[in-house]
Amino acid sequence: MTQQTRLAMYKAGDDLPPLAKTITQEKIGRYADASGDHNPLHTDPEFAASTQFGGTVAHGMLVLAYLSEMLTSAFGERWVDGGRMKARFRAPARPGDTVTATGRVTRVDDGTVRCAAECRNQAGEVLISADVEVPA
Amino acid sequence: MQTLANLVKGHEFPATEFELTSGWVGGYMAAVEDRALAASRPDAVPPMAIAALSIRALLERAGLPPGAIHVGQELAFRRAVSVGQRLSVAARVASRGERAGWVLMGVDLSVAVGKDEVMSARAVVTFPAAEGAA
């Protein structure tokens, strides 16, 4: 199916194909290396245990990357070449969490597909919520 | 190194340039395992890689204050980039406010290849006001 066909198919109320991934401390460490964000809250279990979080948490941008991957799968190059997103980090993801990224089309107008997207953990807690726009 | 806590609204970070090396991209891909573009655009890197790189550029200029929390992120992708391309990152403190002992700061980022912007973003962070000197 071409991207144009996929976009033409979407209408308000449609669910985007979900994506699930598991967070590990190893992935968090790799993301810290790539992003340069070595905040011990992410990388030092002993330090993180002494904080309000009680243990290490994933970088918000790592979890947001899962949302972006879900959108790339749903919209292809339209997302990459013109997508916009406004995201709010609502709760942390922790090592061992399974994060599921989902989205629903809220409106299609003016050449734009608008979606509400979010990431939840295995307990159903919302980790990220986002408003998304993709050119049709 | 200074931290975001020391910066006032309007502060502009010195421009930073990065080459999107295969080594860096490989490290990023090992972290996020995003293969969604691989079939249609095998040369392109995931758009969030550009975002990660822009955050890296920011953190190399100003660290996060203790207790800082990333609360929001806006992103606008213009076009994909490929391994080997050279990216420039510009950033400025777009907003800074204080409420109930916490600073809320927005930092605007722009990433370009040559003169063509490939991504713009706003990162919103909050941190204890006591850490701020501005």
# chains A, B, ... in the order shown; residues from 1 in each chain; ligands from 1
>>> interface_residues(of="chain A", to="chain B", cutoff="10 Å", atoms="only C-alpha atoms", output="ChimeraX atom specification")
/A:21,23-24,26-39,41,51,59-74,76-91,128-134
>>> write_last_selection(atoms="C-alpha atoms", output="short mmCIF file (atom, residue, chain, number, x, y, z; two decimals), in the first residue's frame")
data_model
loop_
_atom_site.label_atom_id
_atom_site.label_comp_id
_atom_site.auth_asym_id
_atom_site.auth_seq_id
_atom_site.Cartn_x
_atom_site.Cartn_y
_atom_site.Cartn_z
CA LYS A 21 8.49 -1.82 23.02
CA ILE A 23 12.43 -0.32 28.08
CA THR A 24 15.69 -1.71 29.45
CA GLU A 26 20.79 -1.00 28.57
CA LYS A 27 18.69 0.97 26.10
CA ILE A 28 18.59 3.90 28.51
CA GLY A 29 22.37 3.80 28.75
CA ARG A 30 22.71 3.75 24.98
CA TYR A 31 20.35 6.70 24.67
CA ALA A 32 22.37 8.58 27.29
CA ASP A 33 25.49 8.04 25.18
CA ALA A 34 23.76 9.19 21.99
CA SER A 35 22.06 12.24 23.47
CA GLY A 36 24.82 13.23 25.85
CA ASP A 37 22.29 13.31 28.69
CA HIS A 38 24.01 11.35 31.43
CA ASN A 39 21.79 12.64 34.23
CA LEU A 41 18.51 9.84 37.31
CA THR A 51 15.19 10.38 44.46
CA HIS A 59 14.72 9.78 28.97
CA GLY A 60 11.45 11.28 27.83
CA MET A 61 12.90 11.64 24.34
CA LEU A 62 13.61 7.89 24.19
CA VAL A 63 9.96 7.13 24.85
CA LEU A 64 8.94 9.88 22.43
CA ALA A 65 11.04 8.12 19.77
CA TYR A 66 8.64 5.16 20.05
CA LEU A 67 5.73 7.49 19.34
CA SER A 68 7.57 8.84 16.32
CA GLU A 69 8.30 5.32 15.08
CA MET A 70 4.59 4.49 15.34
CA LEU A 71 3.82 7.62 13.30
CA THR A 72 6.45 6.73 10.70
CA SER A 73 4.85 3.31 10.34
CA ALA A 74 1.42 4.89 9.99
CA GLY A 76 5.59 6.96 6.12
CA GLU A 77 7.58 9.82 4.65
CA ARG A 78 4.73 12.28 5.23
CA TRP A 79 5.59 12.18 8.91
CA VAL A 80 9.30 12.52 8.31
CA ASP A 81 8.99 15.28 5.71
CA GLY A 82 6.43 17.53 7.33
CA GLY A 83 5.04 16.11 10.57
CA ARG A 84 4.50 18.24 13.66
CA MET A 85 4.00 17.16 17.25
CA LYS A 86 3.33 18.84 20.57
CA ALA A 87 4.02 16.38 23.38
CA ARG A 88 3.66 16.47 27.13
CA PHE A 89 5.66 14.14 29.36
CA ARG A 90 3.21 13.02 32.04
CA ALA A 91 4.90 10.15 33.85
CA ILE A 128 3.20 10.88 27.05
CA SER A 129 0.28 12.56 25.35
CA ALA A 130 0.68 14.41 22.07
CA ASP A 131 -1.16 16.36 19.42
CA VAL A 132 0.07 15.42 15.97
CA GLU A 133 -0.33 16.93 12.51
CA VAL A 134 0.70 15.20 9.30
#
>>> select_by_dssp(residues="range 2-57 of chain B", states="strand (DSSP E or B)", output="list in words")
Thr3, Glu12, Phe13, Pro14, Ala15, Thr16, Glu17, Phe18, Glu19 and Ala44 of chain B
>>> write_last_selection(atoms="N, CA and C atoms", output="tab-separated table (two decimals), in the first residue's frame")
chain	number	residue	atom	x	y	z
B	3	THR	N	24.75	26.13	33.55
B	3	THR	CA	23.55	25.33	33.39
B	3	THR	C	22.43	26.22	32.88
B	12	GLU	N	21.10	33.43	23.54
B	12	GLU	CA	21.34	32.63	22.33
B	12	GLU	C	22.59	31.78	22.54
B	13	PHE	N	22.46	30.51	22.27
B	13	PHE	CA	23.58	29.60	22.39
B	13	PHE	C	24.47	29.75	21.15
B	14	PRO	N	25.77	29.61	21.32
B	14	PRO	CA	26.64	29.61	20.13
B	14	PRO	C	26.24	28.47	19.20
B	15	ALA	N	26.27	28.75	17.90
B	15	ALA	CA	25.90	27.71	16.93
B	15	ALA	C	26.86	26.52	17.04
B	16	THR	N	26.30	25.35	16.85
B	16	THR	CA	27.09	24.12	16.95
B	16	THR	C	26.90	23.32	15.67
B	17	GLU	N	27.96	22.68	15.22
B	17	GLU	CA	27.85	21.82	14.04
B	17	GLU	C	28.19	20.38	14.39
B	18	PHE	N	27.47	19.46	13.76
B	18	PHE	CA	27.72	18.05	13.96
B	18	PHE	C	27.71	17.35	12.61
B	19	GLU	N	28.56	16.34	12.49
B	19	GLU	CA	28.42	15.45	11.34
B	19	GLU	C	27.63	14.23	11.81
B	44	ALA	N	17.97	7.23	5.05
B	44	ALA	CA	17.54	8.27	5.99
B	44	ALA	C	17.61	7.78	7.44
>>> closest_residue(among="B:Val83, B:Ala112, B:Ala129, B:Val103", to="Ser22 in chain B", atoms="only C-alpha atoms")
B:Val83
>>> atom_distance(atom1="CA of Arg104 in chain A", atom2="CA of Pro18 in chain A")
9.9 Å
>>> select_by_dssp(residues="chain A", states="helix (DSSP H, G or I)", output="ChimeraX atom specification")
/A:3-9,25-35,40-43,45-49,60-75,77-80
>>> write_last_selection(atoms="N, CA and C atoms", output="CSV table (one decimal), in the first residue's frame")
chain,number,residue,atom,x,y,z
A,3,GLN,N,1.9,5.3,0.5
A,3,GLN,CA,1.7,6.2,1.5
A,3,GLN,C,0.4,7.1,1.2
A,4,GLN,N,0.3,7.5,-0.1
A,4,GLN,CA,-0.9,8.3,-0.5
A,4,GLN,C,-2.1,7.5,-0.2
A,5,THR,N,-2.1,6.2,-0.5
A,5,THR,CA,-3.3,5.4,-0.3
A,5,THR,C,-3.6,5.3,1.2
A,6,ARG,N,-2.6,5.1,2.0
A,6,ARG,CA,-2.8,5.0,3.5
A,6,ARG,C,-3.4,6.3,4.0
A,7,LEU,N,-2.8,7.5,3.5
A,7,LEU,CA,-3.3,8.7,4.0
A,7,LEU,C,-4.8,8.9,3.6
A,8,ALA,N,-5.1,8.6,2.3
A,8,ALA,CA,-6.4,8.7,1.8
A,8,ALA,C,-7.4,7.9,2.6
A,9,MET,N,-6.9,6.8,3.2
A,9,MET,CA,-7.8,5.9,3.9
A,9,MET,C,-8.2,6.4,5.3
A,25,GLN,N,17.4,-1.0,31.0
A,25,GLN,CA,18.5,-0.1,31.4
A,25,GLN,C,19.6,0.0,30.4
A,26,GLU,N,19.8,-1.1,29.6
A,26,GLU,CA,20.8,-1.0,28.6
A,26,GLU,C,20.4,0.0,27.5
A,27,LYS,N,19.1,0.0,27.1
A,27,LYS,CA,18.7,1.0,26.1
A,27,LYS,C,18.8,2.4,26.6
A,28,ILE,N,18.5,2.6,27.9
A,28,ILE,CA,18.6,3.9,28.5
A,28,ILE,C,20.1,4.4,28.5
A,29,GLY,N,20.9,3.5,28.8
A,29,GLY,CA,22.4,3.8,28.8
A,29,GLY,C,22.8,4.2,27.4
A,30,ARG,N,22.3,3.4,26.4
A,30,ARG,CA,22.7,3.7,25.0
A,30,ARG,C,22.2,5.1,24.6
A,31,TYR,N,20.9,5.4,25.0
A,31,TYR,CA,20.4,6.7,24.7
A,31,TYR,C,21.1,7.8,25.4
A,32,ALA,N,21.6,7.6,26.6
A,32,ALA,CA,22.4,8.6,27.3
A,32,ALA,C,23.6,8.9,26.5
A,33,ASP,N,24.3,7.8,26.0
A,33,ASP,CA,25.5,8.0,25.2
A,33,ASP,C,25.2,8.8,23.9
A,34,ALA,N,24.1,8.5,23.2
A,34,ALA,CA,23.8,9.2,22.0
A,34,ALA,C,23.4,10.6,22.2
A,35,SER,N,22.6,10.9,23.2
A,35,SER,CA,22.1,12.2,23.5
A,35,SER,C,23.0,13.1,24.3
A,40,PRO,N,22.3,11.3,36.2
A,40,PRO,CA,22.3,10.0,37.0
A,40,PRO,C,20.9,9.5,37.3
A,41,LEU,N,19.9,10.3,37.2
A,41,LEU,CA,18.5,9.8,37.3
A,41,LEU,C,18.2,8.8,36.3
A,42,HIS,N,18.9,8.9,35.1
A,42,HIS,CA,18.7,7.9,34.1
A,42,HIS,C,19.7,6.7,34.2
A,43,THR,N,20.9,7.0,34.6
A,43,THR,CA,22.0,6.0,34.4
A,43,THR,C,22.5,5.4,35.7
A,45,PRO,N,21.5,3.7,39.1
A,45,PRO,CA,20.4,3.1,39.9
A,45,PRO,C,20.5,3.5,41.4
A,46,GLU,N,21.8,3.5,41.9
A,46,GLU,CA,21.9,3.9,43.3
A,46,GLU,C,21.4,5.3,43.6
A,47,PHE,N,21.9,6.2,42.8
A,47,PHE,CA,21.5,7.6,42.9
A,47,PHE,C,20.0,7.7,42.7
A,48,ALA,N,19.5,7.1,41.6
A,48,ALA,CA,18.1,7.3,41.3
A,48,ALA,C,17.2,6.7,42.4
A,49,ALA,N,17.7,5.7,43.1
A,49,ALA,CA,16.8,5.1,44.2
A,49,ALA,C,16.6,6.1,45.3
A,60,GLY,N,12.7,11.1,28.5
A,60,GLY,CA,11.4,11.3,27.8
A,60,GLY,C,11.6,11.2,26.3
A,61,MET,N,12.7,11.6,25.8
A,61,MET,CA,12.9,11.6,24.3
A,61,MET,C,13.1,10.2,23.8
A,62,LEU,N,13.5,9.3,24.6
A,62,LEU,CA,13.6,7.9,24.2
A,62,LEU,C,12.2,7.3,24.0
A,63,VAL,N,11.3,7.6,25.0
A,63,VAL,CA,10.0,7.1,24.9
A,63,VAL,C,9.2,7.8,23.7
A,64,LEU,N,9.6,9.1,23.5
A,64,LEU,CA,8.9,9.9,22.4
A,64,LEU,C,9.4,9.3,21.1
A,65,ALA,N,10.6,8.7,21.0
A,65,ALA,CA,11.0,8.1,19.8
A,65,ALA,C,10.1,6.9,19.4
A,66,TYR,N,9.6,6.3,20.4
A,66,TYR,CA,8.6,5.2,20.1
A,66,TYR,C,7.4,5.7,19.4
A,67,LEU,N,6.9,6.9,19.9
A,67,LEU,CA,5.7,7.5,19.3
A,67,LEU,C,6.0,7.9,17.9
A,68,SER,N,7.2,8.4,17.7
A,68,SER,CA,7.6,8.8,16.3
A,68,SER,C,7.7,7.6,15.4
A,69,GLU,N,8.2,6.5,15.9
A,69,GLU,CA,8.3,5.3,15.1
A,69,GLU,C,6.9,4.8,14.7
A,70,MET,N,6.0,4.9,15.6
A,70,MET,CA,4.6,4.5,15.3
A,70,MET,C,4.0,5.4,14.2
A,71,LEU,N,4.3,6.7,14.3
A,71,LEU,CA,3.8,7.6,13.3
A,71,LEU,C,4.5,7.4,11.9
A,72,THR,N,5.8,7.0,12.0
A,72,THR,CA,6.4,6.7,10.7
A,72,THR,C,5.8,5.5,10.1
A,73,SER,N,5.5,4.5,10.9
A,73,SER,CA,4.8,3.3,10.3
A,73,SER,C,3.5,3.6,9.8
A,74,ALA,N,2.8,4.6,10.4
A,74,ALA,CA,1.4,4.9,10.0
A,74,ALA,C,1.4,5.8,8.8
A,75,PHE,N,2.3,6.8,8.7
A,75,PHE,CA,2.2,7.8,7.7
A,75,PHE,C,3.4,7.8,6.7
A,77,GLU,N,6.7,8.6,4.8
A,77,GLU,CA,7.6,9.8,4.6
A,77,GLU,C,6.8,11.1,4.9
A,78,ARG,N,5.5,11.1,4.9
A,78,ARG,CA,4.7,12.3,5.2
A,78,ARG,C,5.0,12.8,6.6
A,79,TRP,N,5.2,11.8,7.5
A,79,TRP,CA,5.6,12.2,8.9
A,79,TRP,C,7.0,12.8,9.0
A,80,VAL,N,7.9,12.1,8.3
A,80,VAL,CA,9.3,12.5,8.3
A,80,VAL,C,9.5,13.9,7.6
>>> closest_residue(among="A:Gly54, A:Ala136, A:Pro92, A:Leu127", to="Arg107 in chain A", atoms="only C-alpha atoms")
A:Ala136
>>> atom_distance(atom1="CA of Thr56 in chain A", atom2="CA of Thr102 in chain A")
24.3 Å
>>> residues_around(residues="Gly10 in chain B", least_positions_apart="5", cutoff="7 Å", atoms="only C-alpha atoms", output="list in words")
Arg92, Val93 and Ala94 of chain B
>>> atom_distance(atom1="CA of Phe127 in chain B", atom2="CA of Met1 in chain B")
17.2 Å
